[in-house]
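Novice: Got a file for you: input16.cif, mmCIF, C-alpha atoms.
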```cif
data_final
#
loop_
_atom_site.label_atom_id
_atom_site.label_comp_id
_atom_site.auth_asym_id
_atom_site.auth_seq_id
_atom_site.Cartn_x
_atom_site.Cartn_y
_atom_site.Cartn_z
CA MET A 178 0.00 0.00 0.00
CA GLN A 179 1.35 3.38 -0.87
CA GLN A 180 2.15 5.41 2.20
CA SER A 181 0.93 8.96 2.66
CA VAL A 182 2.97 10.15 5.60
CA GLN A 183 3.37 13.92 5.67
CA PRO A 184 6.30 15.38 7.64
CA VAL A 185 5.34 17.75 10.42
CA GLY A 186 8.75 18.99 11.42
CA GLN A 187 12.10 17.89 12.73
CA GLN A 188 14.78 18.93 15.17
CA SER A 189 18.46 18.90 14.45
CA SER A 190 19.19 17.47 17.89
CA PRO A 191 18.65 16.88 20.33
CA GLU A 192 -15.08 13.32 27.20
CA GLN A 193 -17.19 13.69 29.53
CA GLU A 194 -17.56 9.93 29.99
CA SER A 195 -18.94 7.90 32.88
CA PRO A 196 -16.27 6.78 35.36
CA GLN A 197 -16.85 3.15 34.41
CA PRO A 198 -17.75 3.03 30.70
CA ARG A 199 -18.99 -0.27 29.29
CA TYR A 200 -17.00 -1.79 26.48
CA TYR A 201 -19.00 -3.88 24.05
CA ASP A 202 -19.37 -4.67 20.37
CA ALA A 203 -22.83 -5.55 19.08
CA ARG A 204 -21.36 -6.86 15.84
CA LYS A 205 -19.90 -10.34 15.44
CA SER A 206 -16.33 -10.50 16.71
CA ARG A 207 -13.77 -10.23 13.96
CA ARG A 208 -10.61 -10.44 16.01
CA GLY A 209 -11.63 -12.69 18.92
CA PHE A 210 -8.65 -14.92 18.32
CA VAL A 211 -6.32 -12.02 19.04
CA ILE A 212 -7.46 -11.86 22.64
CA ALA A 213 -6.54 -15.51 23.07
CA LEU A 214 -2.95 -14.50 22.40
CA ILE A 215 -2.94 -11.94 25.21
CA THR A 216 -3.19 -12.94 28.85
CA VAL A 217 -4.22 -9.63 30.38
CA VAL A 218 -7.29 -7.63 29.34
CA VAL A 219 -8.23 -4.56 31.36
CA LEU A 220 -11.45 -2.78 30.33
CA GLY A 221 -12.93 0.32 31.96
CA ALA A 222 -10.43 0.49 34.84
CA ALA A 223 -7.04 2.05 35.40
CA ALA A 224 -4.46 0.30 33.26
CA ILE A 225 -0.84 0.38 34.37
CA VAL A 226 1.25 -2.41 32.94
CA VAL A 227 4.82 -3.41 32.23
CA LEU A 228 5.53 -5.82 29.38
CA ARG A 229 8.69 -7.51 28.22
CA SER A 230 9.60 -9.28 24.98
CA ASP A 231 12.50 -10.40 22.84
CA ARG A 232 13.88 -7.87 20.38
CA PHE A 233 13.52 -8.17 16.62
CA THR A 234 16.05 -6.74 14.21
CA SER A 235 14.91 -4.51 11.37
CA GLU A 236 15.63 -1.07 10.04
CA THR A 237 13.28 1.75 11.03
CA PRO A 238 12.34 4.61 8.69
CA GLN A 239 14.66 7.59 8.92
CA VAL A 240 11.79 10.02 9.38
CA ARG A 241 11.71 12.51 12.23
CA GLY A 242 8.06 13.43 12.28
CA ALA A 243 4.79 12.62 10.59
CA THR A 244 1.04 12.75 10.69
CA VAL A 245 -0.09 9.15 10.53
CA GLY A 246 -3.65 8.18 9.71
CA LEU A 247 -5.79 5.57 7.99
CA ALA A 248 -3.75 5.55 4.78
CA ASP A 249 -0.66 4.52 6.74
CA LEU A 250 -2.09 1.32 8.19
CA ASP A 251 -0.99 -1.73 6.25
CA THR A 252 -4.31 -3.41 7.07
CA PRO A 253 -7.10 -0.82 7.40
CA PRO A 254 -9.65 -1.81 10.05
CA GLY A 255 -12.75 -3.59 8.81
CA GLU A 256 -11.17 -4.98 5.64
CA THR A 257 -9.75 -8.29 6.83
CA ASP A 258 -9.50 -10.51 9.87
CA ALA A 259 -5.76 -9.96 10.05
CA ASP A 260 -4.03 -10.21 13.39
CA VAL A 261 -3.59 -6.92 15.23
CA ALA A 262 0.16 -7.29 14.87
CA ASP A 263 -0.30 -6.85 11.13
CA VAL A 264 -2.11 -3.53 11.57
CA GLY A 265 0.45 -0.82 11.06
CA SER A 266 4.12 -1.07 10.28
CA THR A 267 6.20 -4.09 11.18
CA GLY A 268 9.71 -4.56 12.50
CA ASP A 269 11.72 -3.37 15.45
CA TYR A 270 11.38 0.32 16.34
CA GLY A 271 14.73 0.53 18.03
CA PHE A 272 12.97 1.56 21.27
CA ASP A 273 13.61 -0.65 24.27
CA THR A 274 11.23 1.21 26.56
CA LEU A 275 8.08 3.27 26.18
CA GLY A 276 5.78 5.35 28.38
CA MET A 277 2.14 6.10 27.60
CA VAL A 278 -0.51 8.20 29.35
CA GLY A 279 -4.13 8.12 28.20
CA ASP A 280 -7.79 7.91 29.09
CA SER A 281 -10.51 5.27 28.63
CA ILE A 282 -9.60 4.68 24.99
CA THR A 283 -6.11 3.70 26.08
CA ALA A 284 -7.46 1.62 28.98
CA GLY A 285 -9.89 -0.21 26.71
CA SER A 286 -7.18 -0.89 24.11
CA LEU A 287 -4.62 -2.12 26.61
CA ALA A 288 -4.47 -5.72 25.42
CA GLU A 289 -4.04 -4.69 21.78
CA LEU A 290 -1.38 -2.14 22.71
CA GLN A 291 0.52 -4.76 24.70
CA TYR A 292 0.44 -7.16 21.81
CA VAL A 293 1.47 -4.76 19.07
CA LEU A 294 4.28 -3.19 21.10
CA LYS A 295 5.67 -6.60 21.95
CA ALA A 296 5.49 -7.57 18.28
CA HIS A 297 7.55 -4.48 17.43
CA GLY A 298 10.36 -5.20 19.85
CA VAL A 299 9.48 -2.93 22.77
CA GLU A 300 10.91 -4.71 25.77
CA GLU A 301 9.32 -2.66 28.51
CA ALA A 302 6.29 -0.34 28.35
CA THR A 303 4.51 1.54 31.10
CA ILE A 304 0.93 2.28 30.05
CA ASP A 305 -1.33 4.34 32.31
CA GLY A 306 -4.90 4.73 31.03
CA VAL A 307 -7.85 5.79 33.18
CA PRO A 308 -11.46 6.36 32.08
CA SER A 309 -12.65 9.98 32.07
CA ARG A 310 -9.12 11.33 32.56
CA ARG A 311 -8.64 14.96 31.63
CA ILE A 312 -5.38 16.73 30.97
CA GLU A 313 -5.36 19.13 33.91
CA LEU A 314 -8.52 18.61 35.98
CA GLY A 315 -8.94 15.65 38.35
CA ASN A 316 -7.43 15.04 41.78
CA GLY A 317 -7.54 11.25 41.77
CA LYS A 318 -10.13 11.15 44.55
CA SER A 319 -13.55 12.38 43.50
CA GLU A 320 -12.47 12.18 39.85
CA PRO A 321 -9.71 10.43 37.90
CA LEU A 322 -6.18 11.70 38.39
CA ASN A 323 -5.39 14.14 35.60
CA GLY A 324 -2.78 13.58 32.94
CA VAL A 325 -0.38 16.27 34.14
CA SER A 326 -0.21 14.82 37.66
CA THR A 327 0.05 11.29 36.30
CA LEU A 328 2.92 12.24 34.04
CA TYR A 329 4.61 14.16 36.84
CA GLY A 330 4.39 11.08 39.05
CA LEU A 331 5.88 8.81 36.43
CA LEU A 332 8.76 11.20 35.85
CA ALA A 333 9.32 11.65 39.59
CA ASP A 334 9.51 7.88 39.93
CA GLY A 335 12.39 7.91 37.48
CA LEU A 336 10.66 6.74 34.32
CA GLU A 337 12.89 7.65 31.38
CA PRO A 338 11.57 5.74 28.36
CA ASP A 339 13.02 5.81 24.89
CA ALA A 340 9.72 7.21 23.57
CA TRP A 341 6.50 8.70 24.93
CA VAL A 342 2.90 8.34 23.72
CA ILE A 343 0.21 10.77 24.90
CA ALA A 344 -3.44 9.97 24.18
CA LEU A 345 -5.30 12.73 26.00
CA GLY A 346 -7.82 15.42 25.10
CA THR A 347 -11.03 13.53 24.39
CA ASN A 348 -12.46 14.54 27.75
CA ASP A 349 -11.29 18.13 27.38
CA VAL A 350 -12.69 19.15 24.00
CA GLY A 351 -15.85 21.17 24.36
CA GLN A 352 -15.02 22.08 27.94
CA TYR A 353 -13.10 25.32 27.29
CA GLY A 354 -14.07 28.64 25.80
CA ASP A 355 -11.23 29.27 23.38
CA GLU A 356 -8.21 27.78 21.66
CA VAL A 357 -5.83 29.55 24.03
CA GLU A 358 -6.87 27.16 26.78
CA TYR A 359 -6.39 24.12 24.57
CA ALA A 360 -2.95 25.38 23.59
CA ARG A 361 -2.03 25.85 27.24
CA LEU A 362 -3.04 22.28 28.03
CA VAL A 363 -1.01 20.83 25.17
CA ASP A 364 1.97 23.04 25.99
CA THR A 365 1.92 21.88 29.61
CA ILE A 366 2.24 18.24 28.62
CA VAL A 367 4.79 18.80 25.86
CA ASP A 368 6.97 20.99 28.08
CA MET A 369 7.14 18.28 30.74
CA LEU A 370 8.82 15.81 28.39
CA PRO A 371 12.50 15.88 27.38
CA ALA A 372 12.81 17.56 23.99
CA ASP A 373 15.19 14.91 22.68
CA VAL A 374 12.88 11.96 23.42
CA PRO A 375 10.55 10.91 20.58
CA LEU A 376 6.91 11.80 21.21
CA VAL A 377 3.65 10.55 19.69
CA TRP A 378 0.37 12.30 20.50
CA VAL A 379 -2.84 10.51 19.50
CA ASP A 380 -5.36 13.14 18.45
CA VAL A 381 -9.07 12.98 19.34
CA TYR A 382 -12.54 12.45 17.87
CA ARG A 383 -15.53 13.82 19.77
CA PRO A 384 -18.40 14.36 17.28
CA GLN A 385 -20.54 16.15 19.89
CA TYR A 386 -17.94 18.92 19.88
CA LEU A 387 -16.63 18.70 16.36
CA GLN A 388 -15.41 22.29 16.05
CA ASP A 389 -13.50 22.08 19.32
CA THR A 390 -12.17 18.68 18.33
CA GLU A 391 -10.71 20.07 15.12
CA ALA A 392 -9.26 23.08 16.94
CA PHE A 393 -7.61 20.85 19.54
CA ASN A 394 -6.16 18.56 16.90
CA ARG A 395 -4.82 21.51 14.93
CA ILE A 396 -3.06 22.80 18.05
CA VAL A 397 -1.54 19.38 18.72
CA ARG A 398 -0.12 19.31 15.20
CA ASP A 399 1.24 22.83 15.48
CA ARG A 400 2.92 22.17 18.81
CA LEU A 401 4.48 18.90 17.72
CA GLU A 402 5.74 20.53 14.54
CA GLU A 403 7.42 23.20 16.65
CA ARG A 404 8.90 20.59 18.96
CA GLY A 405 10.24 18.26 16.31
CA HIS A 406 11.17 14.59 16.72
CA ALA A 407 7.44 13.92 17.14
CA ALA A 408 4.47 12.44 15.31
CA VAL A 409 0.70 12.80 15.45
CA ALA A 410 -1.32 9.58 15.33
CA SER A 411 -4.63 10.65 13.82
CA TRP A 412 -7.37 8.70 15.58
CA TYR A 413 -9.69 11.36 14.12
CA ASP A 414 -8.79 10.18 10.63
CA ILE A 415 -9.97 6.66 11.43
CA ALA A 416 -12.84 7.25 13.86
CA SER A 417 -14.51 9.92 11.73
CA ARG A 418 -14.84 7.53 8.79
CA PRO A 419 -18.25 5.81 9.08
CA ASP A 420 -17.19 3.13 6.60
CA GLN A 421 -14.59 1.92 9.09
CA GLN A 422 -17.13 1.02 11.82
CA VAL A 423 -14.59 1.25 14.62
CA LEU A 424 -16.73 2.90 17.30
CA GLN A 425 -19.31 1.72 19.79
CA ASP A 426 -22.80 3.21 19.77
CA ASP A 427 -21.63 6.13 21.93
CA GLN A 428 -19.46 7.27 18.98
CA ILE A 429 -16.49 7.75 21.32
CA HIS A 430 -15.11 4.44 22.50
CA PRO A 431 -13.61 1.93 20.07
CA ASN A 432 -15.21 -1.43 19.48
CA GLU A 433 -13.15 -4.58 18.91
CA ASP A 434 -12.00 -3.52 15.46
CA GLY A 435 -11.43 -0.02 16.77
CA ARG A 436 -9.17 -1.18 19.56
CA ALA A 437 -7.04 -3.06 17.06
CA ALA A 438 -6.98 0.01 14.81
CA PHE A 439 -6.01 2.27 17.73
CA ALA A 440 -3.07 0.03 18.61
CA GLY A 441 -2.01 -0.23 14.98
CA LEU A 442 -2.17 3.54 14.67
CA VAL A 443 0.15 3.99 17.63
CA ALA A 444 2.48 1.44 16.09
CA ALA A 445 2.54 3.20 12.73
CA ALA A 446 3.28 6.57 14.35
CA LEU A 447 6.11 5.18 16.47
CA ALA A 448 7.61 3.64 13.35
CA THR A 449 8.15 7.11 11.86
CA LEU A 450 10.50 7.99 14.70
CA THR A 451 13.95 6.57 15.26
CA ALA A 452 15.50 5.95 18.65
#
```
Produce structure tokens that represent the structure in this file.
Specialist:
Amino acid sequence: MQQSVQPVGQQSSPEQESPQPRYYDARKSRRGFVIALITVVVLGAAAIVVLRSDRFTSETPQVRGATVGLADLDTPPGETDADVADVGSTGDYGFDTLGMVGDSITAGSLAELQYVLKAHGVEEATIDGVPSRRIELGNGKSEPLNGVSTLYGLLADGLEPDAWVIALGTNDVGQYGDEVEYARLVDTIVDMLPADVPLVWVDVYRPQYLQDTEAFNRIVRDRLEERGHAAVASWYDIASRPDQQVLQDDQIHPNEDGRAAFAGLVAAALATLTA
């Protein structure tokens, strides 16, 4: 398949969702056999995991930044019953370790993320996904701990991965009055991470707040272009396509195919960055 990765910049050097959303798929399972290959499935609860695997050897693309979407998945969701490991690019990233902070979409896709990262040679990944997580609001008591505090805690604990993945913003779009606030939220996260460590941000799709969704995603692209050594994984590109049928009835959370597509999207974005 011809790739359509568009560079977004490089650097010379260095929701309002219920706290416990239900995950279901009314359609017949198309990737049920994938779950049999994964021993841990966490749905609707906080997901913090560490995985280990043997390394593969393969060259990674010498690209320092990209916007990755549906056209960049080797096996677009809904077309075949291919294993989730075949969704997205293949081969070893060159990253031994990875850190990821997200919300319920990340938590619901945990098993698929584990599988695809292992298949791409990531030896150790820390994935923290909590339903209803927002970027800045949430004290971890009456509401989920926010992304800024979660990231701060991981960094304070000494986590220094070879690459970071951020999948936040779904619960924030439509909750602020202007783009300045969205930019401040994105800047806060980006500024917390070392500038020389590869970064992937998964953008958002919230059809109830489509204008705010598009504004937020535009800001994410602008900020990552300025930062360099980063890539945007466009969940919007996939989830907004009705022919892909990757969402549950709430039009926010991924169904079974969607979880595989989400993991493959993360994989394809990471593959555009070299360790």
Novice: Of the candidates A:Leu322, A:Arg311, A:Ala408, A:Tyr382, which shows the shortest atom-to-atom distance to A:Leu362, using all atoms listed in the file?
Specialist: A:Arg311
Novice: Residues at most 10 Å from A:Ala416, counting all atoms listed in the file, excluding those fewer than 5 positions away in the same chain, as a ChimeraX atom specification?
Specialist: /A:247,381-384,411,421-424,428-431,435,438-439
Novice: Using Å and a single decimal, report how far atom CA of A:Gln385 sits from atom CA of A:Asp349.
Specialist: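 Computed distance, atom CA of A:Asp349 to atom CA of A:Gln385, equals 12.1 Å.
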Novice: Rank nothing, just name the residue among A:Trp341, A:Tyr353, A:Tyr292, A:Tyr329 nearest to A:Leu450, using all atoms listed in the file.
Specialist: A:Trp341
Novice: Could you list, with a cut-off of 12 Å and counting all atoms listed in the file, the residues of stretch 413-448 of chain A near stretch 268-274 of chain A, each shown with its nearest atom pair and the distance in Å rounded to one decimal, rows sorted by chain and ascending number, as a tab-separated table?
Specialist:
```
residue	atom	partner	partner_atom	distance
A:Val443	CA	A:Tyr270	CA	11.9
A:Ala444	CA	A:Tyr270	CA	9.0
A:Ala445	CA	A:Tyr270	CA	10.0
A:Ala446	CA	A:Tyr270	CA	10.4
A:Leu447	CA	A:Tyr270	CA	7.2
A:Ala448	CA	A:Tyr270	CA	5.8
```
Novice: Can you work out the spacing between atom CA of A:Val357 and atom CA of A:Asp414 in Å, to one decimal?
Specialist: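 About the pair atom CA of A:Val357 and atom CA of A:Asp414: they are 23.7 Å apart.
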Novice: Quick one: of A:Val325, A:Thr365, A:Asn432, A:Arg398, who's nearest to A:Asp380, counting all atoms listed in the file?
Specialist: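 Using all atoms listed in the file, the shortest distance to A:Asp380 belongs to A:Arg398.
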Novice: Just the number, please: distance in Å from atom CA of A:Gly246 to atom CA of A:Gly441, one decimal.
Specialist: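 So the two atoms, atom CA of A:Gly246 and atom CA of A:Gly441, lie 10.1 Å apart.
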Novice: Where does the PyMOL selection byres ((chain A and resi 297) around 7) land in this file, that is, which residues does it pick, as a VMD selection string?
Specialist: chain A and resid 267 to 270 293 to 296 298 to 299
Novice: Using all atoms listed in the file, pick whichever of A:Gly279, A:Pro419, A:Pro371, A:Pro308 has the shortest atom-to-atom distance to A:Arg404.
Specialist: A:Pro371
Novice: Have a look at A:Gln291, A:Asn348, A:Ser326, A:Thr283 and name the one nearest to A:Ser309; count all atoms listed in the file.
Specialist: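 When distances to A:Ser309 are compared using all atoms listed in the file, the smallest one comes from A:Asn348.
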Novice: Using only C-alpha atoms, can you tell me which of A:Gly285, A:Gly405, A:Pro375, A:Gly324 comes closest to A:Glu337?
Specialist: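 Looking only at the distances to A:Glu337, the closest residue turns out to be A:Pro375.
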Novice: With the file shown as input, list the residues that the PyMOL selection byres ((chain A and resi 336) around 12) selects, as a PyMOL selection string.
Specialist: chain A and resi 227+274-277+301-304+327-335+337-341+370-371
Novice: Could the residues in this selection be written to a file with C-alpha atoms, as an mmCIF file, in the coordinates of the input?
Specialist:
```
data_model
loop_
_atom_site.group_PDB
_atom_site.id
_atom_site.type_symbol
_atom_site.label_atom_id
_atom_site.label_comp_id
_atom_site.auth_asym_id
_atom_site.auth_seq_id
_atom_site.Cartn_x
_atom_site.Cartn_y
_atom_site.Cartn_z
ATOM 1 C CA VAL A 227 4.820 -3.410 32.230
ATOM 2 C CA THR A 274 11.230 1.210 26.560
ATOM 3 C CA LEU A 275 8.080 3.270 26.180
ATOM 4 C CA GLY A 276 5.780 5.350 28.380
ATOM 5 C CA MET A 277 2.140 6.100 27.600
ATOM 6 C CA GLU A 301 9.320 -2.660 28.510
ATOM 7 C CA ALA A 302 6.290 -0.340 28.350
ATOM 8 C CA THR A 303 4.510 1.540 31.100
ATOM 9 C CA ILE A 304 0.930 2.280 30.050
ATOM 10 C CA THR A 327 0.050 11.290 36.300
ATOM 11 C CA LEU A 328 2.920 12.240 34.040
ATOM 12 C CA TYR A 329 4.610 14.160 36.840
ATOM 13 C CA GLY A 330 4.390 11.080 39.050
ATOM 14 C CA LEU A 331 5.880 8.810 36.430
ATOM 15 C CA LEU A 332 8.760 11.200 35.850
ATOM 16 C CA ALA A 333 9.320 11.650 39.590
ATOM 17 C CA ASP A 334 9.510 7.880 39.930
ATOM 18 C CA GLY A 335 12.390 7.910 37.480
ATOM 19 C CA GLU A 337 12.890 7.650 31.380
ATOM 20 C CA PRO A 338 11.570 5.740 28.360
ATOM 21 C CA ASP A 339 13.020 5.810 24.890
ATOM 22 C CA ALA A 340 9.720 7.210 23.570
ATOM 23 C CA TRP A 341 6.500 8.700 24.930
ATOM 24 C CA LEU A 370 8.820 15.810 28.390
ATOM 25 C CA PRO A 371 12.500 15.880 27.380
#
```
Novice: Would you write out, as a list in words, every residue that the PyMOL selection byres ((chain A and resi 358) around 12) captures in this file?
Specialist: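 Checked against the file, the PyMOL selection byres ((chain A and resi 358) around 12) matches Ile312, Glu313, Gly346, Asp349, Val350, Gly351, Gln352, Tyr353, Gly354, Asp355, Glu356, Val357, Tyr359, Ala360, Arg361, Leu362, Val363, Asp364, Thr365, Asp389, Ala392, Phe393 and Ile396 of chain A.
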